[in-house]
Every structure is written in structure tokens, then in C-alpha cells.
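Just query38.csv here, CSV, C-alpha atoms:
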chain,number,residue,atom,x,y,z
A,1,MET,CA,-4.1,11.6,-12.7
A,2,GLY,CA,-7.2,12.9,-14.2
A,3,VAL,CA,-10.7,11.7,-14.7
A,4,CYS,CA,-11.1,8.9,-17.2
A,5,GLN,CA,-12.3,10.3,-20.5
A,6,ARG,CA,-13.0,8.1,-23.5
A,7,GLN,CA,-11.7,9.3,-26.8
A,8,THR,CA,-13.0,8.1,-30.1
A,9,MET,CA,-10.1,7.2,-32.5
A,10,ARG,CA,-10.4,8.4,-36.0
A,11,ASP,CA,-10.5,6.0,-38.9
A,12,GLU,CA,-9.1,8.3,-41.5
A,13,PRO,CA,-5.5,8.2,-42.8
A,14,GLY,CA,-2.8,10.4,-41.3
A,15,PRO,CA,0.9,10.7,-40.8
A,16,ILE,CA,3.2,8.3,-39.0
A,17,GLU,CA,6.0,10.3,-37.3
A,18,THR,CA,8.9,9.9,-35.0
A,19,PRO,CA,8.7,11.8,-31.6
A,20,GLU,CA,10.9,14.5,-33.3
A,21,GLY,CA,8.3,15.0,-36.0
A,22,GLU,CA,10.0,13.2,-38.9
A,23,ARG,CA,7.4,11.8,-41.2
A,24,LEU,CA,7.9,8.1,-42.0
A,25,GLY,CA,4.7,7.2,-43.8
A,26,THR,CA,0.9,7.2,-43.6
A,27,HIS,CA,-1.3,5.2,-41.3
A,28,ARG,CA,-4.8,3.9,-42.3
A,29,GLY,CA,-6.6,5.3,-39.2
A,30,LEU,CA,-5.7,5.5,-35.5
A,31,ALA,CA,-8.4,3.0,-34.7
A,32,PHE,CA,-6.5,0.3,-36.4
A,33,TYR,CA,-3.4,0.4,-34.2
A,34,THR,CA,-2.6,-0.3,-30.6
A,35,LEU,CA,0.2,0.9,-28.3
A,36,GLY,CA,3.2,-1.4,-28.6
A,37,GLN,CA,2.1,-2.7,-32.0
A,38,ARG,CA,5.1,-3.7,-34.2
A,39,GLU,CA,3.5,-5.4,-37.2
A,40,GLY,CA,1.6,-3.8,-40.0
A,41,LEU,CA,3.2,-0.3,-39.8
A,42,MET,CA,4.5,-0.6,-43.4
A,43,ILE,CA,7.4,1.8,-42.7
A,44,GLY,CA,10.3,-0.8,-43.0
A,45,GLY,CA,13.9,0.2,-42.6
A,46,ARG,CA,14.8,3.9,-42.9
A,47,SER,CA,18.1,5.4,-43.8
A,48,GLY,CA,19.5,7.5,-41.0
A,49,HIS,CA,17.9,5.1,-38.4
A,50,HIS,CA,19.3,2.0,-36.8
A,51,GLU,CA,17.8,-1.4,-37.7
A,52,ALA,CA,15.7,-1.9,-34.5
A,53,PRO,CA,12.0,-2.5,-35.1
A,54,TRP,CA,9.5,0.3,-34.9
A,55,TYR,CA,6.7,0.3,-32.3
A,56,VAL,CA,3.5,2.4,-31.9
A,57,ALA,CA,4.2,4.7,-28.9
A,58,VAL,CA,1.5,7.4,-29.1
A,59,LYS,CA,-1.9,7.8,-30.9
A,60,ASP,CA,-2.3,11.5,-31.1
A,61,SER,CA,-6.0,11.9,-31.9
A,62,ALA,CA,-5.8,15.7,-31.9
A,63,ARG,CA,-3.4,15.7,-34.8
A,64,ASN,CA,-4.5,12.3,-36.2
A,65,THR,CA,-0.9,11.2,-35.9
A,66,LEU,CA,0.7,7.9,-35.1
A,67,VAL,CA,4.0,8.3,-33.3
A,68,VAL,CA,6.4,5.4,-33.6
A,69,VAL,CA,9.7,4.7,-31.8
A,70,GLN,CA,12.5,2.2,-32.4
A,71,GLY,CA,13.4,-0.3,-29.7
A,72,HIS,CA,11.2,-2.4,-27.4
A,73,ASP,CA,12.4,-0.5,-24.3
A,74,HIS,CA,12.0,3.1,-25.6
A,75,GLU,CA,10.9,5.4,-22.8
A,76,LEU,CA,7.7,6.4,-24.6
A,77,LEU,CA,6.6,2.7,-24.3
A,78,LEU,CA,7.0,2.6,-20.5
A,79,ARG,CA,4.7,3.9,-17.8
A,80,ARG,CA,4.7,3.7,-14.0
A,81,ASP,CA,1.1,4.7,-13.5
A,82,LEU,CA,-2.4,4.5,-15.0
A,83,SER,CA,-6.0,5.6,-14.3
A,84,ALA,CA,-8.9,3.2,-14.8
A,85,ALA,CA,-12.6,3.6,-14.9
A,86,ASP,CA,-15.6,1.3,-15.3
A,87,ALA,CA,-14.3,-0.7,-12.4
A,88,SER,CA,-15.8,-4.1,-11.5
A,89,TRP,CA,-15.0,-5.6,-8.1
A,90,ILE,CA,-15.4,-9.3,-7.3
A,91,ALA,CA,-16.5,-8.5,-3.7
A,92,GLY,CA,-18.9,-5.9,-5.0
A,93,MET,CA,-16.8,-3.1,-3.7
A,94,PRO,CA,-13.1,-2.0,-4.0
A,95,PRO,CA,-10.5,-3.5,-1.7
A,96,SER,CA,-10.2,-1.5,1.6
A,97,GLY,CA,-7.3,0.9,2.2
A,98,ASN,CA,-5.8,3.2,-0.4
A,99,GLY,CA,-2.2,2.6,-1.0
A,100,ALA,CA,-2.7,-1.2,-0.7
A,101,ALA,CA,0.2,-3.2,-2.1
A,102,LEU,CA,-1.2,-5.5,-4.8
A,103,GLY,CA,-0.3,-7.0,-8.1
A,104,ALA,CA,-1.8,-6.1,-11.5
A,105,LYS,CA,-1.8,-7.2,-15.1
A,106,THR,CA,-2.2,-4.7,-18.0
A,107,ARG,CA,-1.6,-7.2,-20.8
A,108,TYR,CA,-2.7,-10.8,-21.4
A,109,ARG,CA,-0.4,-13.5,-20.1
A,110,GLN,CA,1.7,-10.9,-18.3
A,111,ALA,CA,3.1,-11.7,-14.9
A,112,ASP,CA,1.6,-9.7,-12.0
A,113,SER,CA,3.5,-6.5,-11.4
A,114,ALA,CA,3.7,-5.0,-8.0
A,115,CYS,CA,1.7,-1.8,-7.6
A,116,THR,CA,-0.2,0.4,-5.2
A,117,LEU,CA,-3.9,1.0,-5.5
A,118,ASP,CA,-5.6,4.3,-4.9
A,119,VAL,CA,-9.4,4.1,-5.3
A,120,ARG,CA,-11.0,7.5,-6.3
A,121,ASP,CA,-14.5,6.1,-6.1
A,122,PRO,CA,-16.1,2.7,-6.5
A,123,GLY,CA,-15.9,3.0,-10.3
A,124,SER,CA,-12.4,4.3,-10.8
A,125,PHE,CA,-8.9,3.9,-9.5
A,126,ASP,CA,-5.2,4.8,-10.0
A,127,LEU,CA,-2.3,2.3,-10.0
A,128,THR,CA,1.3,3.2,-9.4
A,129,PHE,CA,3.8,0.4,-10.4
A,130,GLU,CA,7.2,-0.3,-8.7
A,131,ALA,CA,8.7,-1.0,-12.2
A,132,PRO,CA,7.7,0.7,-15.5
A,133,GLN,CA,5.1,-1.2,-17.5
A,134,TRP,CA,5.4,-1.8,-21.2
A,135,ALA,CA,2.7,-0.3,-23.6
A,136,VAL,CA,0.0,0.4,-21.1
A,137,THR,CA,-2.9,0.8,-23.6
A,138,PRO,CA,-6.1,2.8,-23.1
A,139,GLY,CA,-9.2,0.7,-23.6
A,140,GLN,CA,-7.5,-2.4,-22.3
A,141,SER,CA,-8.1,-3.9,-18.8
A,142,ALA,CA,-6.1,-3.5,-15.7
A,143,VAL,CA,-6.8,-6.5,-13.5
A,144,LEU,CA,-5.8,-6.5,-9.8
A,145,TYR,CA,-4.7,-9.4,-7.6
A,146,ARG,CA,-3.8,-10.1,-4.0
A,147,GLY,CA,-1.6,-13.2,-4.4
A,148,ASP,CA,-3.7,-15.6,-6.5
A,149,GLU,CA,-7.0,-13.9,-5.6
A,150,CYS,CA,-8.5,-11.8,-8.4
A,151,LEU,CA,-9.9,-8.6,-6.8
A,152,GLY,CA,-11.4,-7.0,-10.0
A,153,GLY,CA,-10.3,-4.4,-12.5
A,154,GLY,CA,-11.2,-1.6,-14.8
A,155,VAL,CA,-10.7,-0.1,-18.2
A,156,ILE,CA,-7.4,1.8,-18.7
A,157,ALA,CA,-8.0,5.5,-19.5
Take the structure from the file and write it as C-alpha cells.
Amino acid sequence: MGVCQRQTMRDEPGPIETPEGERLGTHRGLAFYTLGQREGLMIGGRSGHHEAPWYVAVKDSARNTLVVVQGHDHELLLRRDLSAADASWIAGMPPSGNGAALGAKTRYRQADSACTLDVRDPGSFDLTFEAPQWAVTPGQSAVLYRGDECLGGGVIA
């Protein structure tokens, strides 16, 4: 995992494509979409594709391209790890011991997901999950728990 680097999303229109590069439409600016988003893509049904809904899987800022996939469980929507920065710890410092088994949430109202924590420095950390997580989104929070105790969290890179 690398160092957390913030990217500014463009707010100018660009292509909506499949992972294979098939153009499906035009987005109104990458800043207006989030990973896992299903609504508001304005691409509807497409001949040659099954009827499953489309989801935002990748925001490619270098190409100003929104990559969409069909199906809630598409592999591009699932991640086993993440890096976070701007960490804030309830105890004022990270939990002791890298590799600690904890629970984490990466989405609102999500159940805790088993993971291991590796602290790079007091302000940043990496998480590795036992099971793939759906639509881990840069800019959102990863919040860590030990049982019912909130330990802190950080901003997903």
C-alpha cells in the first residue's frame, strides 16, 4: 500500500465506459459520483448486456472516465484492503501492536468486518479484511472497533 494522496476530482463531463472500454454515455463530472453508486447514471438498459443494474466501479481521474459494471458483486466493487490517513484515535494514539485483529466499518450502518490493522505512523494505517468489502470509497471514513469500543478511524485513500 502506498502513501495516502488526495486527488481532486474533475467536475467536467467525460465518458462512462465498461471495464472493456465500451462507451455507454457521458457523466457530468467525476466529483458528482461515488463508488457503488447505482442511481443517476442515465445509461439505462443496453443491448448486448444483461439486465442487471449498473454500478460505479472506478473513477479514473487521469482519463476523466467513469467506469461502470453490472451486478452488485462484480469483482471491481470488492476490496480486501485499504489505506487511510488523517487518523484520529479516541485514546490519543493508535492501538498497540500491528496486526491486531479488530473490526471496521467502511460504510454507514455496515456491520463490523473482521480485519487486521497495520499502523504506518500515528496519522495513517492500513487495513486488511478477512472478507472482501463492497465499494470501499476514497474520501469516506474507515472506523475501527474492538468489540463495542470505538478506537478511532481515518479517511480512506
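Picture a line from atom CA of Asp86 of chain A to atom CA of Thr137 of chain A; it runs 15.2 Å.
The residues that lie within 10 Å of the point (17.3, 2.4, -30.4), counting only C-alpha atoms, are His49, His50, Glu51, Ala52, Pro53, Trp54, Val69, Gln70, Gly71, His72, Asp73 and His74 of chain A.
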Take the residues from that selection and put them in a file with C-alpha atoms, as a PDB file, in the frame of the given file.
ATOM      1  CA  HIS A  49      17.900   5.100 -38.400  1.00  0.00           C
ATOM      2  CA  HIS A  50      19.300   2.000 -36.800  1.00  0.00           C
ATOM      3  CA  GLU A  51      17.800  -1.400 -37.700  1.00  0.00           C
ATOM      4  CA  ALA A  52      15.700  -1.900 -34.500  1.00  0.00           C
ATOM      5  CA  PRO A  53      12.000  -2.500 -35.100  1.00  0.00           C
ATOM      6  CA  TRP A  54       9.500   0.300 -34.900  1.00  0.00           C
ATOM      7  CA  VAL A  69       9.700   4.700 -31.800  1.00  0.00           C
ATOM      8  CA  GLN A  70      12.500   2.200 -32.400  1.00  0.00           C
ATOM      9  CA  GLY A  71      13.400  -0.300 -29.700  1.00  0.00           C
ATOM     10  CA  HIS A  72      11.200  -2.400 -27.400  1.00  0.00           C
ATOM     11  CA  ASP A  73      12.400  -0.500 -24.300  1.00  0.00           C
ATOM     12  CA  HIS A  74      12.000   3.100 -25.600  1.00  0.00           C
TER      13      HIS A  74
END
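If you measure from each of A:Ala62, A:Val67, A:Gly153, A:Leu41 to Gly92 of chain A using only C-alpha atoms, the closest one turns out to be A:Gly153.
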Rank A:Val58, A:Phe32, A:Ala142, A:Gly44 by their smallest atom-to-atom distance to Glu75 of chain A, using all atoms listed in the file, and report the top residue only. A:Val58
Would you give me, as CSV, each residue of segment 56-86 of chain A having an atom within 10 Å of an atom of segment 26-31 of chain A, along with its shortest atom pair and that distance in Å to one decimal, using all atoms listed in the file and sorting by chain and residue number?
residue,atom,partner,partner_atom,distance
A:Val58,CA,A:Leu30,CA,9.8
A:Lys59,CA,A:Leu30,CA,6.4
A:Asp60,CA,A:Leu30,CA,8.2
A:Ser61,CA,A:Leu30,CA,7.3
A:Asn64,CA,A:Leu30,CA,6.9
A:Thr65,CA,A:Leu30,CA,7.5
A:Leu66,CA,A:Leu30,CA,6.8
Skipping near chain neighbours, those fewer than 3 positions away, what residues fall within 9 Å of segment 117-134 of chain A using all atoms listed in the file, listed as an MDAnalysis selection string? chainID A and resid 1 3:4 36 72:73 77:89 93:104 106:107 113:114 142 144 153:155
With distances taken over only C-alpha atoms, which residue among A:Arg46, A:Thr116, A:Ala111, A:Gln37 lies nearest Arg23 of chain A? A:Arg46
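Using only C-alpha atoms, the nearest neighbour of Gly45 of chain A within the list A:Ala91, A:Leu24, A:Ile16, A:Ala57 is A:Leu24.
A straight line drawn from atom CA of Pro19 of chain A to atom CA of Leu76 of chain A is 8.9 Å long.
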